[in-house]
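One structure is given here, and the rest of the page talks about it.
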Amino acid sequence: MSDIKNLLFDLGGVIMDIDRMRCVRSFERLGMRNAADYLGDYGQKGPFEALEAGAIEPDEFRCRIKSIIGTDTPVTDGQIDRAFNAFLTGIPLRRLQALRSLRSSYGIYLLSNTNSVMWHSRIASAFRAEGLEMGDYFDGTVTSFEAKALKPGADIFRYAERKLGIVPAQTVFLDDSEANVEAARSLGFAGLHVAPGREFTDILKEAGL
């Protein structure tokens with residue numbers, strides 16, 4: 001990997017810790033009986049997927065969630081947002097510090113399947129833990145709702161190439177989903193799988209980066 005100039009990170013499960021069942025339970029408490037059917041570890045369904053793909057806006061998403069829950073259990077927009085944000089449990093400071101350190105040697109970028117509700121609330125606040133902003137950790141970011149495309153599809157990777165100005169052969173992509181890593185490799189990226197319980201710093205060291 002001597003030609004590597006860029007590191008392209010997934011967010012959830014790599015940089016940010018996640019807890020799917022905490023989110024499922026939060027929606028169940030709001031009256032959504034089949035929440036687990038919509039919320040997966042590596043992908044969402046229904047209005048959750050549509051929001052993540054940029055196919056609908058937050059207001060329409062909340063309306064659809066209310067419709068699924070039903071009129072017997074009225075919920076507010078704020079309650080829906082809080083339940084959704086329960087998916088995210090935070091970013092350990094050591095990972096934020098590692099990103100800043102790596103930035104002195106590589107271009108550091110983010111490529112995430114995420115949604116505008118989380119992006120502008122829980123995610124943004126997590127990156128302020130050191131009193132900094134997201135731009136202090138990344139040279140550029142790409143989100144699925146912005147690109148209107150989802151990993152592991154090729155479109156979001158090609159979008160990232162164009163927006164970020166990165167060359168796949170010079171870029172290592174790190175993700176907790178093996179399917180996403182394989183998709184990146186098929187498009188010419190170097191790929192590293194961040195398995196559950198592993199730290200991206202250790203995996204990079206093992207790869208000689």
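Residue numbering restarts at 1 in every chain; chains get A, B, ... in the order shown in the structure tokens, and ligands count up from 1 in that same order.
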- Name all residues at most 8 Å from region 130-136 of chain A (count only C-alpha atoms; drop same-chain ones fewer than 3 positions away) and give them as a PyMOL selection string. chain A and resi 93+100+124+127+139-140
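The neighbours of region 49-57 of chain A here are the residues that come within 7 Å of it, using only C-alpha atoms and leaving out any residue fewer than 6 positions away in the same chain; they are Asn113, Thr114, Asn115, Ser144, Phe145, Glu146, Lys148, Ala149 and Leu150 of chain A.
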| task | Run DSSP on the backbone and give me the residues of region 101-139 of chain A it puts in strand (DSSP E or B), as a ChimeraX atom specification. | result | /A:107-112
Expected file contents, prior selection, all heavy atoms, as a CSV table (one decimal), in the first residue's frame:
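This is the output file out-v2.csv:
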```
chain,number,residue,atom,x,y,z
A,107,GLY,N,-4.9,12.2,3.1
A,107,GLY,CA,-6.2,12.9,3.0
A,107,GLY,C,-7.2,12.0,3.7
A,107,GLY,O,-7.3,10.8,3.5
A,108,ILE,N,-8.0,12.6,4.6
A,108,ILE,CA,-9.0,11.9,5.4
A,108,ILE,C,-10.4,12.3,4.9
A,108,ILE,O,-10.8,13.4,5.0
A,108,ILE,CB,-8.8,12.2,6.9
A,108,ILE,CG1,-7.4,11.8,7.3
A,108,ILE,CG2,-9.8,11.4,7.7
A,108,ILE,CD1,-7.0,10.4,7.2
A,109,TYR,N,-11.2,11.3,4.5
A,109,TYR,CA,-12.5,11.5,4.0
A,109,TYR,C,-13.5,10.6,4.6
A,109,TYR,O,-13.2,9.5,5.2
A,109,TYR,CB,-12.5,11.3,2.5
A,109,TYR,CG,-11.5,12.2,1.7
A,109,TYR,CD1,-10.2,11.7,1.4
A,109,TYR,CD2,-11.9,13.5,1.4
A,109,TYR,CE1,-9.3,12.6,0.8
A,109,TYR,CE2,-11.0,14.3,0.7
A,109,TYR,CZ,-9.7,13.9,0.4
A,109,TYR,OH,-8.8,14.7,-0.2
A,110,LEU,N,-14.8,11.0,4.5
A,110,LEU,CA,-15.9,10.2,5.1
A,110,LEU,C,-16.9,9.8,4.0
A,110,LEU,O,-17.2,10.7,3.1
A,110,LEU,CB,-16.6,11.0,6.1
A,110,LEU,CG,-17.8,10.3,6.9
A,110,LEU,CD1,-17.2,9.3,7.9
A,110,LEU,CD2,-18.6,11.3,7.6
A,111,LEU,N,-17.3,8.6,3.9
A,111,LEU,CA,-18.4,8.1,3.0
A,111,LEU,C,-19.4,7.3,3.8
A,111,LEU,O,-19.1,6.2,4.2
A,111,LEU,CB,-17.8,7.3,1.9
A,111,LEU,CG,-18.7,6.6,0.9
A,111,LEU,CD1,-19.6,7.7,0.2
A,111,LEU,CD2,-18.0,5.8,-0.1
A,112,SER,N,-20.5,7.9,4.0
A,112,SER,CA,-21.5,7.2,5.0
A,112,SER,C,-22.9,7.1,4.4
A,112,SER,O,-23.4,8.1,3.8
A,112,SER,CB,-21.5,8.1,6.3
A,112,SER,OG,-22.5,7.6,7.2
```
Near Asp175 (chain A), counting only C-alpha atoms, which residues have an atom at most 10 Å away, once you skip same-chain residues fewer than 6 positions from it, shown as a PDB file with C-alpha atoms, in the first residue's frame?
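Everything below was put into selection-v7.pdb:
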```pdb
ATOM      1  CA  LEU A   8     -11.966   6.928   3.132  1.00  0.00           C
ATOM      2  CA  PHE A   9     -13.920   6.048   6.267  1.00  0.00           C
ATOM      3  CA  ASP A  10     -17.386   4.718   6.894  1.00  0.00           C
ATOM      4  CA  LEU A  11     -18.984   6.343   9.962  1.00  0.00           C
ATOM      5  CA  GLY A  12     -21.209   3.969  11.935  1.00  0.00           C
ATOM      6  CA  GLY A  13     -19.375   0.934  13.299  1.00  0.00           C
ATOM      7  CA  VAL A  14     -15.977   2.346  12.301  1.00  0.00           C
ATOM      8  CA  ILE A  15     -15.714   5.824  13.809  1.00  0.00           C
ATOM      9  CA  LEU A 111     -18.359   8.114   3.014  1.00  0.00           C
ATOM     10  CA  SER A 112     -21.478   7.236   4.985  1.00  0.00           C
ATOM     11  CA  VAL A 181     -15.689  -3.289   1.261  1.00  0.00           C
ATOM     12  CA  GLU A 182     -16.026  -5.795  -1.586  1.00  0.00           C
ATOM     13  CA  ALA A 184     -15.219  -0.699  -3.152  1.00  0.00           C
ATOM     14  CA  GLY A 191     -10.479  -2.091   1.093  1.00  0.00           C
ATOM     15  CA  LEU A 192     -10.161  -2.924   4.775  1.00  0.00           C
ATOM     16  CA  HIS A 193     -12.945  -4.547   6.780  1.00  0.00           C
ATOM     17  CA  VAL A 194     -13.384  -3.183  10.312  1.00  0.00           C
ATOM     18  CA  ALA A 195     -14.971  -6.167  12.011  1.00  0.00           C
ATOM     19  CA  PHE A 200      -9.594   1.087  12.699  1.00  0.00           C
TER      20      PHE A 200
END
```
Which residue of A:Pro152, A:Gly208, A:Gly46, A:Gly78 approaches Leu30 (chain A) most closely, using only C-alpha atoms:
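Checking each candidate against Leu30 (chain A), we get A:Gly78 as the closest.
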inquiry  = Need the shell around Thr71 (chain A): protein/DNA/RNA residues with any atom at most 12 Å away, counting only C-alpha atoms. Skip same-chain ones fewer than 6 positions apart. Format as a list of chain:residue names?
reply    =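 Here the answer would be A:Leu30, A:Gly31, A:Met32, A:Cys63, A:Arg64, A:Ile65.
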Store the residues of this selection in a file with N, CA, C and O atoms, as a PDB file, in the first residue's frame.
```pdb
ATOM      1  N   LEU A  30     -42.474   4.018  21.269  1.00  0.00           N
ATOM      2  CA  LEU A  30     -43.376   4.999  20.656  1.00  0.00           C
ATOM      3  C   LEU A  30     -44.600   4.335  20.043  1.00  0.00           C
ATOM      4  O   LEU A  30     -45.515   5.029  19.589  1.00  0.00           O
ATOM      5  N   GLY A  31     -44.601   3.008  20.015  1.00  0.00           N
ATOM      6  CA  GLY A  31     -45.754   2.286  19.480  1.00  0.00           C
ATOM      7  C   GLY A  31     -45.526   1.609  18.147  1.00  0.00           C
ATOM      8  O   GLY A  31     -46.464   1.058  17.563  1.00  0.00           O
ATOM      9  N   MET A  32     -44.293   1.601  17.639  1.00  0.00           N
ATOM     10  CA  MET A  32     -43.993   0.925  16.375  1.00  0.00           C
ATOM     11  C   MET A  32     -43.725  -0.551  16.671  1.00  0.00           C
ATOM     12  O   MET A  32     -42.663  -0.920  17.168  1.00  0.00           O
ATOM     13  N   CYS A  63     -43.816  12.023   8.885  1.00  0.00           N
ATOM     14  CA  CYS A  63     -45.224  11.725   8.587  1.00  0.00           C
ATOM     15  C   CYS A  63     -45.425  10.234   8.334  1.00  0.00           C
ATOM     16  O   CYS A  63     -46.402   9.635   8.792  1.00  0.00           O
ATOM     17  N   ARG A  64     -44.489   9.629   7.599  1.00  0.00           N
ATOM     18  CA  ARG A  64     -44.610   8.199   7.308  1.00  0.00           C
ATOM     19  C   ARG A  64     -44.449   7.357   8.573  1.00  0.00           C
ATOM     20  O   ARG A  64     -45.133   6.343   8.750  1.00  0.00           O
ATOM     21  N   ILE A  65     -43.538   7.779   9.447  1.00  0.00           N
ATOM     22  CA  ILE A  65     -43.353   7.047  10.703  1.00  0.00           C
ATOM     23  C   ILE A  65     -44.619   7.137  11.547  1.00  0.00           C
ATOM     24  O   ILE A  65     -45.067   6.141  12.139  1.00  0.00           O
TER      25      ILE A  65
END
```
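Among the candidate residues A:Ala154, A:Leu102, A:Ala35, A:Ile69, the one lying nearest to Cys23 (chain A) is A:Ala35, with distances computed using only C-alpha atoms.
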Would you pick out the contacts of Ser2 (chain A) at 12 Å or less, using only C-alpha atoms, so that residues sharing its chain but fewer than 2 positions from it are not included, and give the list as a list in words?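 The residues that qualify are Ile4, Lys5, Asn6, Tyr106, Ala169, Gln170, Thr171, Val172, Ala190, Ala207, Gly208 and Leu209 of chain A.
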* Asked: Neighbours of Ala98 (chain A) within 12 Å (only C-alpha atoms; same-chain residues fewer than 3 positions away dropped), as a list in words?
  -> Ile15, Ile91, Pro92, Leu93, Arg94, Arg95, Ser101, Leu102, Arg103, Ser104, Ser105, Tyr106, Ile108, Tyr137, Phe138, Glu199, Phe200, Thr201, Asp202, Leu204 and Lys205 of chain A
- Message: With DSSP run on the backbone, what are the alpha helix (DSSP H) residues within region 9-199 of chain A? I'd like them as an NGL selection string.
- Response: :A and (20-29 or 35-38 or 46-52 or 58-69 or 77-85 or 93-102 or 116-118 or 124-126 or 144-147 or 154-164 or 178-186)
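Closest approach to Leu96 (chain A) among A:Ile156, A:Met16, A:Phe48, A:Tyr38: A:Met16, based on only C-alpha atoms.
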